[in-house]
Amino acid sequence: MSYVPEQPPPLPPLPALFSGARREFFKLASRGAALELITLGFYRFWLATDIRRHLWVNTAVDGDAAEYTGRGKELLIGFLFAMAILVPIYLAYFAVGVEAERYQGFASVPLVIAFYAFGQFAIYRARRYRLTRTVWRGVRFWMDGSGWAYAGRAMLWTLLAVVTLGLAWPWREAALERYKMQHSFYGDLRGDFEGRGWEFFKRAWYLWLAPPAAAGAVALLMHLAFNSGGWPSASVAGTFSAIILLVLAPFLFAHFKAVEWRWWLSGIRFGEVRLESTLPGDAFYALYWKVIAWFVLLSIASTIYFSAVIAVTARLLGPDGGGLQQMQSLSNQIPMLVAIGLGYIIWILALNVVMRLYLVRDIWATVLDSVQVHGIEAMANVAAKGDLASALGEGFADGLDVAGF
């Protein structure tokens, strides 16, 4: 009778740990914003690389951290190649619009469809690029599949979501994520996605009812206001309704994203390896409100700065003329326009620092704190496989403003 060795018991689930210091990330983002200002925005490719490297290298499972091997130069080259393709499309559309101005509105429809297809292609190829630059325990993640096949699926699912007034969105997300994961690999270990659209919908069905319920409440308030007191009451009701919607919107969106993150992470598989997330629905409330608070503060500060620049310029010009003449004189002051333009750019860069700190770094840390990895032993004997992907997809994603991490 042959001896069959006993299989060792499976390891207990292991936490995903993030050890990156918040102050270090803030310095990285602030220095990057300053360099973006000096380089007229071109440093963003190196900043994106530095941010990813910081996040990856401070993320560890079973004592081993990930590694990001991408380079800013690759992203710049990919962006330039993408612009060489996109710019002629923009110019061709502009020329057609000039020649057939009355048909320009109709002509924008195929342009929007084409750009949406390009955007979905870019999302897929950008993910492929990032995955092939991610290494753990010396083995590279990689991805195959067709970006255009993914774009076709995304367009059909989006059309269905539009026709069903958004009800098909969870099934869209499940189908597209399944396609991406089934073409993702860790060495020779193939990925999969077991999340189902129905599971997503069950976890957040009430969020799909929120927009029509809010619209109905606003319509009811306006109806009551018109019947009771005319325009003044209607104006008060409209203002009150708008305030309620503005207050509720961040909570609804933050809750939706938390539910989506938890559903997505719990559906990821690589062979026998699976993730489990316990992310609560209120995990992002404070982060989104902090971003809103910073947006308000920075907007107030920029408004004070712009007013001060205009006031100083007007004082230096003296009391010559008034009203329209003074406004025309101010509009011709190049130093004032430069100062206002510089202030606007600094405002945008400061907002980017805030968003990267709260909506990238802090969300990353919050999500990882909720993750447990099951079956990690399946990654012990994985053979290296897969080739590097080009950064063209990242270039499209940057040019079409659909980039991500």
# chains A, B, ... in the order shown; residues from 1 in each chain; ligands from 1
>>> residues_around(residues="range 157-159 of chain A", least_positions_apart="6", cutoff="10 Å", atoms="only C-alpha atoms", output="ChimeraX atom specification")
/A:151,165-166,168-169,171-173,175-176
>>> select_by_dssp(residues="range 15-158 of chain A", states="alpha helix (DSSP H)", output="PyMOL selection string")
chain A and resi 22-38+44-57+72-99+104-132+147-158
>>> closest_atom_pairs(of="range 76-172 of chain A", to="range 48-62 of chain A", cutoff="10 Å", atoms="only C-alpha atoms", output="JSON lines")
{"residue": "A:Arg130", "atom": "CA", "partner": "A:Arg52", "partner_atom": "CA", "distance": 9.2}
{"residue": "A:Thr134", "atom": "CA", "partner": "A:Trp56", "partner_atom": "CA", "distance": 8.0}
{"residue": "A:Val135", "atom": "CA", "partner": "A:Trp56", "partner_atom": "CA", "distance": 9.2}
{"residue": "A:Trp136", "atom": "CA", "partner": "A:Ala60", "partner_atom": "CA", "distance": 9.1}
>>> write_last_selection(atoms="N, CA and C atoms", output="PDB file, in the first residue's frame")
ATOM      1  N   ARG A 130      -0.495  48.883 -16.824  1.00  0.00           N
ATOM      2  CA  ARG A 130      -0.222  48.911 -15.388  1.00  0.00           C
ATOM      3  C   ARG A 130      -0.011  47.511 -14.833  1.00  0.00           C
ATOM      4  N   THR A 134       3.498  45.539 -12.842  1.00  0.00           N
ATOM      5  CA  THR A 134       3.301  45.165 -11.440  1.00  0.00           C
ATOM      6  C   THR A 134       3.937  43.799 -11.190  1.00  0.00           C
ATOM      7  N   VAL A 135       4.834  43.752 -10.212  1.00  0.00           N
ATOM      8  CA  VAL A 135       5.577  42.532  -9.891  1.00  0.00           C
ATOM      9  C   VAL A 135       5.399  42.230  -8.399  1.00  0.00           C
ATOM     10  N   TRP A 136       5.187  40.938  -8.100  1.00  0.00           N
ATOM     11  CA  TRP A 136       5.113  40.505  -6.698  1.00  0.00           C
ATOM     12  C   TRP A 136       5.868  39.192  -6.561  1.00  0.00           C
TER      13      TRP A 136
END
>>> decode(residues="range 243-274 of chain A", atoms="N, CA, C and O atoms", output="short mmCIF file (atom, residue, chain, number, x, y, z; two decimals), in the first residue's frame")
data_model
loop_
_atom_site.label_atom_id
_atom_site.label_comp_id
_atom_site.auth_asym_id
_atom_site.auth_seq_id
_atom_site.Cartn_x
_atom_site.Cartn_y
_atom_site.Cartn_z
N ILE A 243 -30.53 72.52 -2.26
CA ILE A 243 -29.65 72.34 -1.09
C ILE A 243 -29.70 70.90 -0.60
O ILE A 243 -28.67 70.29 -0.30
N ILE A 244 -30.91 70.34 -0.54
CA ILE A 244 -31.06 68.95 -0.09
C ILE A 244 -30.30 68.00 -1.02
O ILE A 244 -29.58 67.10 -0.58
N LEU A 245 -30.45 68.22 -2.33
CA LEU A 245 -29.76 67.35 -3.29
C LEU A 245 -28.25 67.48 -3.18
O LEU A 245 -27.52 66.48 -3.26
N LEU A 246 -27.76 68.71 -2.99
CA LEU A 246 -26.31 68.92 -2.86
C LEU A 246 -25.76 68.26 -1.61
O LEU A 246 -24.63 67.75 -1.61
N VAL A 247 -26.55 68.25 -0.54
CA VAL A 247 -26.09 67.62 0.71
C VAL A 247 -26.11 66.10 0.58
O VAL A 247 -25.21 65.40 1.05
N LEU A 248 -27.13 65.56 -0.08
CA LEU A 248 -27.27 64.11 -0.19
C LEU A 248 -26.33 63.50 -1.21
O LEU A 248 -25.89 62.35 -1.06
N ALA A 249 -26.01 64.24 -2.28
CA ALA A 249 -25.23 63.68 -3.38
C ALA A 249 -23.89 63.08 -2.94
O ALA A 249 -23.56 61.96 -3.33
N PRO A 250 -23.07 63.78 -2.12
CA PRO A 250 -21.80 63.17 -1.70
C PRO A 250 -22.00 61.88 -0.91
O PRO A 250 -21.23 60.92 -1.08
N PHE A 251 -23.03 61.82 -0.06
CA PHE A 251 -23.29 60.61 0.70
C PHE A 251 -23.66 59.45 -0.22
O PHE A 251 -23.18 58.33 -0.07
N LEU A 252 -24.55 59.73 -1.17
CA LEU A 252 -25.00 58.69 -2.08
C LEU A 252 -23.85 58.17 -2.93
O LEU A 252 -23.67 56.96 -3.10
N PHE A 253 -23.05 59.10 -3.48
CA PHE A 253 -21.95 58.68 -4.34
C PHE A 253 -20.89 57.92 -3.54
O PHE A 253 -20.38 56.89 -3.99
N ALA A 254 -20.55 58.42 -2.34
CA ALA A 254 -19.55 57.75 -1.51
C ALA A 254 -20.02 56.36 -1.11
O ALA A 254 -19.24 55.40 -1.11
N HIS A 255 -21.29 56.23 -0.78
CA HIS A 255 -21.84 54.92 -0.41
C HIS A 255 -21.81 53.97 -1.61
O HIS A 255 -21.45 52.79 -1.47
N PHE A 256 -22.19 54.49 -2.77
CA PHE A 256 -22.16 53.66 -3.98
C PHE A 256 -20.76 53.15 -4.27
O PHE A 256 -20.57 51.97 -4.58
N LYS A 257 -19.75 54.03 -4.17
CA LYS A 257 -18.37 53.61 -4.45
C LYS A 257 -17.89 52.58 -3.44
O LYS A 257 -17.16 51.64 -3.80
N ALA A 258 -18.28 52.72 -2.16
CA ALA A 258 -17.88 51.74 -1.15
C ALA A 258 -18.50 50.38 -1.45
O ALA A 258 -17.82 49.35 -1.36
N VAL A 259 -19.77 50.37 -1.81
CA VAL A 259 -20.43 49.11 -2.17
C VAL A 259 -19.77 48.49 -3.40
O VAL A 259 -19.53 47.28 -3.45
N GLU A 260 -19.44 49.33 -4.39
CA GLU A 260 -18.81 48.83 -5.61
C GLU A 260 -17.43 48.24 -5.33
O GLU A 260 -17.08 47.17 -5.84
N TRP A 261 -16.63 48.93 -4.52
CA TRP A 261 -15.29 48.42 -4.17
C TRP A 261 -15.40 47.05 -3.49
O TRP A 261 -14.66 46.12 -3.82
N ARG A 262 -16.29 46.95 -2.50
CA ARG A 262 -16.42 45.69 -1.76
C ARG A 262 -16.87 44.55 -2.68
O ARG A 262 -16.33 43.45 -2.61
N TRP A 263 -17.84 44.83 -3.53
CA TRP A 263 -18.33 43.82 -4.48
C TRP A 263 -17.23 43.41 -5.45
O TRP A 263 -17.03 42.23 -5.71
N TRP A 264 -16.49 44.38 -5.97
CA TRP A 264 -15.44 44.10 -6.96
C TRP A 264 -14.31 43.28 -6.34
O TRP A 264 -13.88 42.27 -6.91
N LEU A 265 -13.82 43.68 -5.19
CA LEU A 265 -12.71 42.97 -4.56
C LEU A 265 -13.10 41.55 -4.19
O LEU A 265 -12.31 40.61 -4.39
N SER A 266 -14.31 41.35 -3.70
CA SER A 266 -14.74 40.02 -3.28
C SER A 266 -14.96 39.09 -4.46
O SER A 266 -15.08 37.88 -4.26
N GLY A 267 -14.99 39.63 -5.68
CA GLY A 267 -15.18 38.78 -6.85
C GLY A 267 -13.89 38.38 -7.55
O GLY A 267 -13.91 37.55 -8.45
N ILE A 268 -12.75 38.95 -7.16
CA ILE A 268 -11.48 38.71 -7.85
C ILE A 268 -10.93 37.32 -7.50
O ILE A 268 -10.92 36.92 -6.33
N ARG A 269 -10.46 36.60 -8.52
CA ARG A 269 -9.84 35.29 -8.34
C ARG A 269 -8.57 35.20 -9.20
O ARG A 269 -8.53 35.72 -10.31
N PHE A 270 -7.55 34.53 -8.64
CA PHE A 270 -6.40 34.09 -9.42
C PHE A 270 -6.17 32.63 -9.06
O PHE A 270 -5.56 32.32 -8.04
N GLY A 271 -6.71 31.72 -9.87
CA GLY A 271 -6.66 30.32 -9.51
C GLY A 271 -7.46 30.10 -8.23
O GLY A 271 -8.64 30.43 -8.14
N GLU A 272 -6.81 29.53 -7.21
CA GLU A 272 -7.45 29.29 -5.92
C GLU A 272 -7.34 30.50 -4.98
O GLU A 272 -7.86 30.45 -3.86
N VAL A 273 -6.69 31.53 -5.41
CA VAL A 273 -6.53 32.72 -4.58
C VAL A 273 -7.77 33.61 -4.75
O VAL A 273 -8.19 33.89 -5.87
N ARG A 274 -8.31 34.05 -3.66
CA ARG A 274 -9.47 34.94 -3.72
C ARG A 274 -9.33 36.04 -2.67
O ARG A 274 -8.64 35.88 -1.66
#
